[in-house]
file protein.txt (compact mmCIF, C-alpha atoms)
# COMPACT_ATOMS: atom_id res chain seq x y z
CA MET M 1 -179.88 -223.60 -89.94
CA ALA M 2 -180.10 -223.78 -86.14
CA PRO M 3 -177.07 -222.65 -84.06
CA PRO M 4 -174.79 -225.50 -82.90
CA LEU M 5 -175.83 -225.11 -79.24
CA VAL M 6 -179.52 -225.37 -80.13
CA THR M 7 -178.85 -228.36 -82.40
CA SER M 8 -176.89 -230.08 -79.64
CA TRP M 9 -179.64 -229.35 -77.11
CA LEU M 10 -182.36 -230.80 -79.34
CA SER M 11 -180.22 -233.82 -80.17
CA ARG M 12 -179.65 -234.65 -76.53
CA LEU M 13 -183.30 -234.14 -75.68
CA ARG M 14 -184.20 -236.68 -78.38
CA ASN M 15 -182.04 -239.18 -76.50
CA ARG M 16 -184.19 -238.59 -73.41
CA PRO M 17 -187.69 -238.62 -75.00
CA VAL M 18 -189.76 -239.14 -71.87
CA ALA M 19 -188.05 -236.39 -69.88
CA ALA M 20 -188.00 -234.08 -72.89
CA PHE M 21 -191.71 -234.62 -73.54
CA ALA M 22 -192.62 -234.13 -69.86
CA LEU M 23 -190.64 -230.91 -69.52
CA GLY M 24 -191.90 -229.60 -72.83
CA ALA M 25 -195.48 -230.41 -71.88
CA LEU M 26 -195.05 -228.75 -68.49
CA ALA M 27 -193.57 -225.57 -69.96
CA GLY M 28 -196.15 -225.46 -72.74
CA ALA M 29 -199.07 -226.01 -70.37
CA ALA M 30 -197.81 -223.33 -67.99
CA PHE M 31 -197.38 -220.74 -70.73
CA LEU M 32 -200.75 -221.58 -72.29
CA ALA M 33 -202.43 -221.25 -68.90
CA PHE M 34 -200.66 -217.92 -68.40
CA GLY M 35 -202.05 -216.75 -71.73
CA ALA M 36 -205.55 -217.82 -70.69
CA VAL M 37 -205.31 -215.91 -67.40
CA ALA M 38 -203.94 -212.85 -69.21
CA ASP M 39 -206.85 -212.95 -71.64
CA GLU M 40 -209.38 -213.17 -68.81
CA VAL M 41 -207.68 -210.30 -66.98
CA SER M 42 -207.66 -208.10 -70.08
CA GLU M 43 -211.42 -208.62 -70.41
CA ARG M 44 -211.95 -207.99 -66.65
CA GLU M 45 -213.48 -211.44 -66.27
CA THR M 46 -211.44 -212.06 -63.12
CA TYR M 47 -212.40 -208.84 -61.32
CA ALA M 48 -215.27 -210.22 -59.24
CA LEU M 49 -213.25 -213.18 -57.95
CA ASP M 50 -210.14 -211.04 -57.47
CA ARG M 51 -212.14 -208.56 -55.42
CA ALA M 52 -213.82 -211.23 -53.30
CA ILE M 53 -210.52 -212.94 -52.40
CA LEU M 54 -208.74 -209.66 -51.71
CA LEU M 55 -211.50 -208.43 -49.38
CA ALA M 56 -211.67 -211.83 -47.67
CA MET M 57 -208.14 -211.19 -46.45
CA ARG M 58 -209.21 -207.95 -44.73
CA SER M 59 -210.93 -207.44 -41.41
CA PRO M 60 -214.73 -207.19 -41.71
CA GLY M 61 -215.75 -203.54 -41.65
CA ASP M 62 -212.19 -202.24 -42.05
CA VAL M 63 -210.53 -202.95 -45.39
CA SER M 64 -207.42 -201.06 -44.28
CA ASP M 65 -206.59 -203.82 -41.80
CA PRO M 66 -205.36 -207.27 -42.97
CA ILE M 67 -207.22 -210.10 -41.28
CA GLY M 68 -205.52 -211.65 -38.27
CA PRO M 69 -203.36 -210.43 -35.36
CA PRO M 70 -200.47 -207.95 -35.81
CA TRP M 71 -197.87 -210.72 -35.76
CA LEU M 72 -199.49 -212.26 -38.84
CA GLU M 73 -199.02 -209.00 -40.70
CA GLU M 74 -195.33 -209.13 -39.81
CA VAL M 75 -195.16 -212.72 -41.05
CA GLY M 76 -196.73 -211.58 -44.31
CA ARG M 77 -194.05 -208.93 -44.78
CA ASP M 78 -191.35 -211.49 -43.99
CA LEU M 79 -192.75 -213.99 -46.47
CA THR M 80 -193.10 -211.45 -49.26
CA ALA M 81 -189.36 -210.78 -49.02
CA LEU M 82 -188.77 -214.31 -50.35
CA GLY M 83 -189.55 -212.99 -53.82
CA GLY M 84 -187.99 -209.55 -53.41
CA HIS M 85 -184.86 -208.15 -55.01
CA ALA M 86 -182.77 -208.07 -51.83
CA LEU M 87 -183.36 -211.62 -50.60
CA GLY M 88 -183.56 -212.94 -54.15
CA GLY M 89 -180.25 -211.33 -55.00
CA LEU M 90 -178.60 -212.75 -51.90
CA PHE M 91 -180.00 -216.19 -52.67
CA THR M 92 -178.68 -216.00 -56.23
CA LEU M 93 -175.23 -214.87 -55.10
CA ALA M 94 -175.05 -217.48 -52.34
CA ALA M 95 -176.24 -220.41 -54.43
CA GLY M 96 -174.34 -219.38 -57.55
CA GLY M 97 -171.18 -218.66 -55.58
CA TYR M 98 -171.32 -222.00 -53.81
CA LEU M 99 -171.80 -223.90 -57.06
CA TRP M 100 -168.96 -222.01 -58.74
CA LEU M 101 -166.51 -222.57 -55.86
CA ALA M 102 -167.52 -226.24 -55.79
CA GLY M 103 -166.46 -226.52 -59.43
CA ARG M 104 -169.99 -226.80 -60.78
CA HIS M 105 -169.52 -223.92 -63.17
CA ARG M 106 -172.18 -224.77 -65.72
CA THR M 107 -174.80 -225.27 -63.04
CA ALA M 108 -173.84 -221.97 -61.40
CA VAL M 109 -174.18 -220.13 -64.70
CA LEU M 110 -177.49 -221.86 -65.40
CA LEU M 111 -178.96 -220.91 -62.02
CA VAL M 112 -177.85 -217.29 -62.18
CA GLY M 113 -178.84 -217.02 -65.82
CA SER M 114 -182.31 -218.45 -65.21
CA ILE M 115 -183.01 -215.98 -62.42
CA ALA M 116 -181.56 -212.97 -64.26
CA SER M 117 -183.42 -213.77 -67.49
CA GLY M 118 -186.58 -214.42 -65.49
CA GLU M 119 -186.31 -210.93 -64.01
CA LEU M 120 -186.06 -209.45 -67.50
CA LEU M 121 -189.07 -211.47 -68.64
CA SER M 122 -191.09 -210.35 -65.62
CA ASN M 123 -190.33 -206.68 -66.30
CA ALA M 124 -191.19 -207.10 -69.98
CA LEU M 125 -194.56 -208.68 -69.17
CA LYS M 126 -195.39 -205.90 -66.71
CA ALA M 127 -194.55 -203.31 -69.38
CA VAL M 128 -196.85 -205.04 -71.85
CA PHE M 129 -199.90 -205.42 -69.62
CA GLN M 130 -199.62 -202.27 -67.48
CA ARG M 131 -202.34 -203.40 -65.06
CA PRO M 132 -202.94 -200.99 -62.16
CA ARG M 133 -202.36 -202.18 -58.61
CA PRO M 134 -205.41 -202.97 -56.44
CA ASP M 135 -207.09 -199.82 -55.18
CA LEU M 136 -209.61 -201.48 -52.85
CA VAL M 137 -207.32 -201.76 -49.84
CA ALA M 138 -204.27 -200.11 -48.33
CA HIS M 139 -200.90 -201.41 -49.47
CA TYR M 140 -198.72 -202.89 -46.74
CA SER M 141 -195.68 -203.03 -49.00
CA ILE M 142 -194.03 -200.41 -51.20
CA VAL M 143 -194.73 -200.95 -54.92
CA GLN M 144 -193.27 -199.16 -57.93
CA THR M 145 -194.26 -201.24 -60.95
CA SER M 146 -197.48 -202.39 -62.56
CA SER M 147 -199.46 -205.30 -61.19
CA PHE M 148 -199.61 -208.08 -63.81
CA PRO M 149 -198.02 -210.53 -63.43
CA SER M 150 -196.76 -210.59 -59.85
CA GLY M 151 -192.99 -210.26 -60.09
CA HIS M 152 -192.45 -211.62 -56.58
CA SER M 153 -194.52 -214.72 -57.36
CA MET M 154 -192.83 -215.25 -60.71
CA MET M 155 -189.29 -214.82 -59.38
CA ALA M 156 -189.98 -217.07 -56.38
CA ALA M 157 -191.17 -219.79 -58.76
CA ILE M 158 -188.13 -219.43 -60.99
CA ALA M 159 -185.55 -219.24 -58.20
CA TYR M 160 -186.86 -221.86 -55.80
CA LEU M 161 -188.23 -224.35 -58.33
CA THR M 162 -185.06 -224.20 -60.43
CA ALA M 163 -182.78 -224.53 -57.41
CA GLY M 164 -184.97 -227.29 -56.00
CA ALA M 165 -184.83 -229.23 -59.27
CA LEU M 166 -181.05 -228.92 -59.47
CA ILE M 167 -180.63 -230.15 -55.90
CA ALA M 168 -183.17 -232.96 -56.32
CA ARG M 169 -181.45 -234.09 -59.52
CA ALA M 170 -178.21 -234.65 -57.59
CA GLU M 171 -179.82 -236.30 -54.56
CA PRO M 172 -179.99 -240.12 -54.72
CA LYS M 173 -182.60 -240.56 -51.98
CA ARG M 174 -186.19 -240.27 -53.18
CA ARG M 175 -187.54 -238.92 -49.88
CA VAL M 176 -184.96 -236.13 -49.95
CA LYS M 177 -185.90 -235.31 -53.54
CA VAL M 178 -189.55 -235.06 -52.51
CA PHE M 179 -188.71 -232.93 -49.47
CA VAL M 180 -186.65 -230.48 -51.53
CA MET M 181 -189.33 -230.05 -54.20
CA VAL M 182 -192.16 -229.73 -51.67
CA LEU M 183 -190.14 -227.05 -49.87
CA ALA M 184 -189.53 -225.21 -53.15
CA VAL M 185 -193.24 -225.27 -53.99
CA LEU M 186 -194.18 -224.17 -50.45
CA LEU M 187 -191.84 -221.16 -50.59
CA THR M 188 -193.27 -220.21 -53.97
CA VAL M 189 -196.88 -220.47 -52.79
CA LEU M 190 -196.29 -218.55 -49.56
CA THR M 191 -194.60 -215.72 -51.43
CA GLY M 192 -197.56 -215.33 -53.76
CA VAL M 193 -200.20 -215.52 -51.03
CA SER M 194 -198.36 -212.86 -49.05
CA ARG M 195 -198.64 -210.43 -51.98
CA VAL M 196 -202.43 -210.67 -51.92
CA TYR M 197 -202.52 -210.53 -48.13
CA LEU M 198 -200.52 -207.30 -48.17
CA GLY M 199 -202.93 -205.81 -50.71
CA VAL M 200 -200.36 -205.13 -53.44
CA HIS M 201 -201.59 -207.69 -55.99
CA TRP M 202 -204.81 -209.12 -57.33
CA PRO M 203 -204.99 -212.92 -56.94
CA SER M 204 -204.94 -213.32 -60.73
CA ASP M 205 -201.60 -211.46 -60.80
CA VAL M 206 -200.16 -214.05 -58.46
CA VAL M 207 -201.55 -217.03 -60.39
CA ALA M 208 -200.11 -215.59 -63.61
CA GLY M 209 -196.74 -215.08 -61.90
CA TRP M 210 -196.69 -218.68 -60.68
CA LEU M 211 -197.54 -219.98 -64.16
CA ALA M 212 -194.96 -217.88 -65.99
CA GLY M 213 -192.32 -218.72 -63.39
CA ALA M 214 -193.06 -222.44 -63.48
CA GLY M 215 -192.91 -222.44 -67.28
CA TRP M 216 -189.56 -220.67 -67.28
CA ALA M 217 -188.25 -223.01 -64.57
CA ALA M 218 -189.26 -226.01 -66.72
CA VAL M 219 -187.24 -224.61 -69.61
CA CYS M 220 -184.25 -224.26 -67.28
CA TRP M 221 -184.74 -227.85 -66.01
CA SER M 222 -184.52 -229.16 -69.56
CA LEU M 223 -181.32 -227.20 -70.12
CA ALA M 224 -179.92 -228.63 -66.88
CA GLY M 225 -180.53 -232.12 -68.26
CA VAL M 226 -178.61 -231.24 -71.41
CA LEU M 227 -175.68 -229.92 -69.40
CA GLN M 228 -175.68 -233.06 -67.29
CA SER M 229 -175.54 -235.28 -70.37
CA ARG M 230 -172.62 -233.26 -71.76
CA SER M 231 -170.56 -233.45 -68.57
CA PRO M 232 -168.71 -236.54 -67.28
CA LYS M 233 -170.12 -237.61 -63.95
CA PRO M 234 -167.54 -237.29 -61.15
CA PRO M 235 -167.31 -239.96 -58.45
CA GLY M 236 -170.16 -239.83 -55.96
CA GLY M 237 -172.54 -237.95 -58.23
CA VAL M 238 -173.04 -234.19 -58.14
CA LEU M 239 -175.22 -231.57 -59.66
CA PRO M 240 -175.41 -231.35 -63.47
CA GLY M 241 -172.77 -229.30 -65.15
CA SER M 242 -170.13 -229.97 -62.49
CA ARG M 243 -167.27 -229.80 -64.98
CA ALA M 244 -166.53 -226.43 -66.58

call {"tool": "encode", "arguments": {"input": "protein.txt", "output": "structure tokens"}}
result
Amino acid sequence: MAPPLVTSWLSRLRNRPVAAFALGALAGAAFLAFGAVADEVSERETYALDRAILLAMRSPGDVSDPIGPPWLEEVGRDLTALGGHALGGLFTLAAGGYLWLAGRHRTAVLLVGSIASGELLSNALKAVFQRPRPDLVAHYSIVQTSSFPSGHSMMAAIAYLTAGALIARAEPKRRVKVFVMVLAVLLTVLTGVSRVYLGVHWPSDVVAGWLAGAGWAAVCWSLAGVLQSRSPKPPGGVLPGSRA
């Protein structure tokens, strides 16, 4: 017999069949695509393309130098911090703290929980695959873990896509919803591209990180919908889970 929370979740999702199907399809497609990429990586089928893209981001004749002027290298290091522990931790504390102080306790717990559990999932996947970091070029960022999937890319997808969905859900204006989600996707993409540019990840690591992160974010979106349906909607409309 399923736990009461799971039973309640499934029951409420049945009352929202279109949204439930869409989120389930999104999460399922993302995780299946991740599995396909992982399979190709394990068989080294991605190596030629990975190598070509990685070298394309280096100056011709000098693979130790990222392509572009020095300021672009600094931009790359700035962008990669979007998926790092320091900035990610600050983002989580800031967003979670704001939601909690605003009385949106369930949403705060959901956001923090999604990011924390995503970090655990990322570390577990790295431990399973144990792919070495690229050795073709110099690394312009300090790395201490294995390469697959890209943790920065995965955590950026989870943090920014989940936060973007929660904000967009509460925003009545369609153009603002679109802006928020486009911004979330842009931050996620830039973080991943910066990891390849800095030479610390193969492109397939980044793609796998995006897929795993998007799948996990979709699971969190569905849970946010359940919390919203369980909570009375205060005047004016707020984020889901606004009542503790």

call {"tool": "closest_residue", "arguments": {"input": "protein.txt", "among": "M:Pro70, M:Gly113, M:Pro203, M:Gly164", "to": "Arg51 of chain M", "atoms": "all atoms listed in the file"}}
result
M:Pro203

call {"tool": "atom_distance", "arguments": {"input": "protein.txt", "atom1": "atom CA of Ala165 of chain M", "atom2": "atom CA of Lys126 of chain M"}}
result
26.7 Å

call {"tool": "residues_near_point", "arguments": {"input": "protein.txt", "point": "(-174.4, -224.2, -61.3)", "cutoff": "7 Å", "atoms": "all atoms listed in the file", "output": "NGL selection string"}}
result
:M and (96 or 99-100 or 104-111 or 241)

call {"tool": "closest_residue", "arguments": {"input": "protein.txt", "among": "M:Thr191, M:Ser59, M:Ala33, M:Ser114", "to": "Ala208 of chain M", "atoms": "all atoms listed in the file"}}
result
M:Ala33

call {"tool": "axis_aligned_box", "arguments": {"input": "protein.txt", "around": "segment 114-124 of chain M", "padding_each_side": "3 Å", "output": "lines of an AutoDock Vina configuration file"}}
result
center_x = -186.4
center_y = -212.6
center_z = -66.2
size_x = 15.6
size_y = 17.8
size_z = 13.6

call {"tool": "residues_around", "arguments": {"input": "protein.txt", "residues": "His85 of chain M", "least_positions_apart": "3", "cutoff": "12 Å", "atoms": "all atoms listed in the file", "output": "PDB file with C-alpha atoms, keeping the file's coordinate frame"}}
result
ATOM      1  CA  THR M  80    -193.100-211.450 -49.260  1.00  0.00           C
ATOM      2  CA  ALA M  81    -189.360-210.780 -49.020  1.00  0.00           C
ATOM      3  CA  LEU M  82    -188.770-214.310 -50.350  1.00  0.00           C
ATOM      4  CA  GLY M  88    -183.560-212.940 -54.150  1.00  0.00           C
ATOM      5  CA  GLY M  89    -180.250-211.330 -55.000  1.00  0.00           C
ATOM      6  CA  LEU M  90    -178.600-212.750 -51.900  1.00  0.00           C
ATOM      7  CA  PHE M  91    -180.000-216.190 -52.670  1.00  0.00           C
ATOM      8  CA  THR M  92    -178.680-216.000 -56.230  1.00  0.00           C
ATOM      9  CA  LEU M  93    -175.230-214.870 -55.100  1.00  0.00           C
ATOM     10  CA  ILE M 115    -183.010-215.980 -62.420  1.00  0.00           C
ATOM     11  CA  ALA M 116    -181.560-212.970 -64.260  1.00  0.00           C
ATOM     12  CA  GLU M 119    -186.310-210.930 -64.010  1.00  0.00           C
ATOM     13  CA  GLY M 151    -192.990-210.260 -60.090  1.00  0.00           C
ATOM     14  CA  HIS M 152    -192.450-211.620 -56.580  1.00  0.00           C
ATOM     15  CA  SER M 153    -194.520-214.720 -57.360  1.00  0.00           C
ATOM     16  CA  MET M 155    -189.290-214.820 -59.380  1.00  0.00           C
ATOM     17  CA  ALA M 156    -189.980-217.070 -56.380  1.00  0.00           C
ATOM     18  CA  ALA M 159    -185.550-219.240 -58.200  1.00  0.00           C
TER      19      ALA M 159
END

call {"tool": "decode", "arguments": {"input": "protein.txt", "residues": "segment 40-124 of chain M", "atoms": "C-alpha atoms", "output": "PDB file, in the first residue's frame"}}
result
ATOM      1  CA  GLU M  40      26.746   6.380 -25.881  1.00  0.00           C
ATOM      2  CA  VAL M  41      29.377   7.792 -23.529  1.00  0.00           C
ATOM      3  CA  SER M  42      30.070   4.391 -21.979  1.00  0.00           C
ATOM      4  CA  GLU M  43      30.714   2.993 -25.460  1.00  0.00           C
ATOM      5  CA  ARG M  44      32.883   6.026 -26.399  1.00  0.00           C
ATOM      6  CA  GLU M  45      30.552   6.823 -29.285  1.00  0.00           C
ATOM      7  CA  THR M  46      30.573  10.516 -28.347  1.00  0.00           C
ATOM      8  CA  TYR M  47      34.352  10.920 -28.201  1.00  0.00           C
ATOM      9  CA  ALA M  48      34.900  12.232 -31.733  1.00  0.00           C
ATOM     10  CA  LEU M  49      32.182  14.886 -31.434  1.00  0.00           C
ATOM     11  CA  ASP M  50      33.216  15.756 -27.874  1.00  0.00           C
ATOM     12  CA  ARG M  51      36.796  16.247 -29.004  1.00  0.00           C
ATOM     13  CA  ALA M  52      35.847  18.351 -32.027  1.00  0.00           C
ATOM     14  CA  ILE M  53      33.656  20.722 -29.999  1.00  0.00           C
ATOM     15  CA  LEU M  54      36.176  21.023 -27.173  1.00  0.00           C
ATOM     16  CA  LEU M  55      39.029  21.865 -29.559  1.00  0.00           C
ATOM     17  CA  ALA M  56      36.806  24.301 -31.474  1.00  0.00           C
ATOM     18  CA  MET M  57      36.690  26.388 -28.314  1.00  0.00           C
ATOM     19  CA  ARG M  58      40.497  26.685 -28.241  1.00  0.00           C
ATOM     20  CA  SER M  59      42.777  28.970 -30.197  1.00  0.00           C
ATOM     21  CA  PRO M  60      44.115  27.370 -33.393  1.00  0.00           C
ATOM     22  CA  GLY M  61      47.617  26.069 -32.779  1.00  0.00           C
ATOM     23  CA  ASP M  62      47.431  26.525 -29.001  1.00  0.00           C
ATOM     24  CA  VAL M  63      44.991  24.253 -27.176  1.00  0.00           C
ATOM     25  CA  SER M  64      46.042  25.755 -23.839  1.00  0.00           C
ATOM     26  CA  ASP M  65      44.344  29.042 -24.756  1.00  0.00           C
ATOM     27  CA  PRO M  66      40.519  29.352 -24.882  1.00  0.00           C
ATOM     28  CA  ILE M  67      39.324  31.055 -28.048  1.00  0.00           C
ATOM     29  CA  GLY M  68      38.604  34.764 -27.781  1.00  0.00           C
ATOM     30  CA  PRO M  69      40.080  37.762 -25.931  1.00  0.00           C
ATOM     31  CA  PRO M  70      41.109  37.619 -22.235  1.00  0.00           C
ATOM     32  CA  TRP M  71      37.890  39.299 -21.108  1.00  0.00           C
ATOM     33  CA  LEU M  72      35.900  36.416 -22.589  1.00  0.00           C
ATOM     34  CA  GLU M  73      37.845  33.980 -20.435  1.00  0.00           C
ATOM     35  CA  GLU M  74      36.879  36.043 -17.391  1.00  0.00           C
ATOM     36  CA  VAL M  75      33.248  35.983 -18.512  1.00  0.00           C
ATOM     37  CA  GLY M  76      33.481  32.206 -18.789  1.00  0.00           C
ATOM     38  CA  ARG M  77      34.709  31.927 -15.205  1.00  0.00           C
ATOM     39  CA  ASP M  78      31.929  34.252 -14.040  1.00  0.00           C
ATOM     40  CA  LEU M  79      29.266  32.248 -15.849  1.00  0.00           C
ATOM     41  CA  THR M  80      30.501  28.905 -14.551  1.00  0.00           C
ATOM     42  CA  ALA M  81      29.956  30.180 -10.999  1.00  0.00           C
ATOM     43  CA  LEU M  82      26.203  30.162 -11.703  1.00  0.00           C
ATOM     44  CA  GLY M  83      26.256  26.404 -11.165  1.00  0.00           C
ATOM     45  CA  GLY M  84      28.876  26.324  -8.410  1.00  0.00           C
ATOM     46  CA  HIS M  85      28.452  25.535  -4.737  1.00  0.00           C
ATOM     47  CA  ALA M  86      29.069  29.063  -3.474  1.00  0.00           C
ATOM     48  CA  LEU M  87      26.673  30.970  -5.726  1.00  0.00           C
ATOM     49  CA  GLY M  88      24.226  28.073  -5.767  1.00  0.00           C
ATOM     50  CA  GLY M  89      24.213  27.953  -1.992  1.00  0.00           C
ATOM     51  CA  LEU M  90      23.652  31.688  -1.729  1.00  0.00           C
ATOM     52  CA  PHE M  91      20.837  31.497  -4.272  1.00  0.00           C
ATOM     53  CA  THR M  92      19.197  28.672  -2.326  1.00  0.00           C
ATOM     54  CA  LEU M  93      19.485  30.512   0.991  1.00  0.00           C
ATOM     55  CA  ALA M  94      18.250  33.787  -0.490  1.00  0.00           C
ATOM     56  CA  ALA M  95      15.292  32.323  -2.367  1.00  0.00           C
ATOM     57  CA  GLY M  96      14.362  29.851   0.359  1.00  0.00           C
ATOM     58  CA  GLY M  97      14.720  32.476   3.079  1.00  0.00           C
ATOM     59  CA  TYR M  98      12.560  34.956   1.202  1.00  0.00           C
ATOM     60  CA  LEU M  99       9.824  32.397   0.619  1.00  0.00           C
ATOM     61  CA  TRP M 100       9.884  31.298   4.252  1.00  0.00           C
ATOM     62  CA  LEU M 101       9.723  34.856   5.625  1.00  0.00           C
ATOM     63  CA  ALA M 102       6.903  35.613   3.176  1.00  0.00           C
ATOM     64  CA  GLY M 103       4.915  32.758   4.712  1.00  0.00           C
ATOM     65  CA  ARG M 104       5.299  30.456   1.724  1.00  0.00           C
ATOM     66  CA  HIS M 105       6.705  27.651   3.823  1.00  0.00           C
ATOM     67  CA  ARG M 106       5.851  24.712   1.598  1.00  0.00           C
ATOM     68  CA  THR M 107       7.302  26.402  -1.452  1.00  0.00           C
ATOM     69  CA  ALA M 108      10.478  27.270   0.467  1.00  0.00           C
ATOM     70  CA  VAL M 109      10.901  23.671   1.580  1.00  0.00           C
ATOM     71  CA  LEU M 110      10.204  22.432  -1.940  1.00  0.00           C
ATOM     72  CA  LEU M 111      12.809  24.722  -3.506  1.00  0.00           C
ATOM     73  CA  VAL M 112      15.516  23.943  -0.966  1.00  0.00           C
ATOM     74  CA  GLY M 113      14.667  20.255  -1.023  1.00  0.00           C
ATOM     75  CA  SER M 114      14.792  20.052  -4.813  1.00  0.00           C
ATOM     76  CA  ILE M 115      18.228  21.649  -4.940  1.00  0.00           C
ATOM     77  CA  ALA M 116      19.641  19.628  -2.032  1.00  0.00           C
ATOM     78  CA  SER M 117      18.309  16.321  -3.393  1.00  0.00           C
ATOM     79  CA  GLY M 118      19.554  17.266  -6.851  1.00  0.00           C
ATOM     80  CA  GLU M 119      23.051  17.715  -5.437  1.00  0.00           C
ATOM     81  CA  LEU M 120      22.896  14.236  -3.912  1.00  0.00           C
ATOM     82  CA  LEU M 121      21.684  12.782  -7.203  1.00  0.00           C
ATOM     83  CA  SER M 122      24.474  14.521  -9.109  1.00  0.00           C
ATOM     84  CA  ASN M 123      27.131  13.137  -6.762  1.00  0.00           C
ATOM     85  CA  ALA M 124      25.631   9.650  -6.985  1.00  0.00           C
TER      86      ALA M 124
END
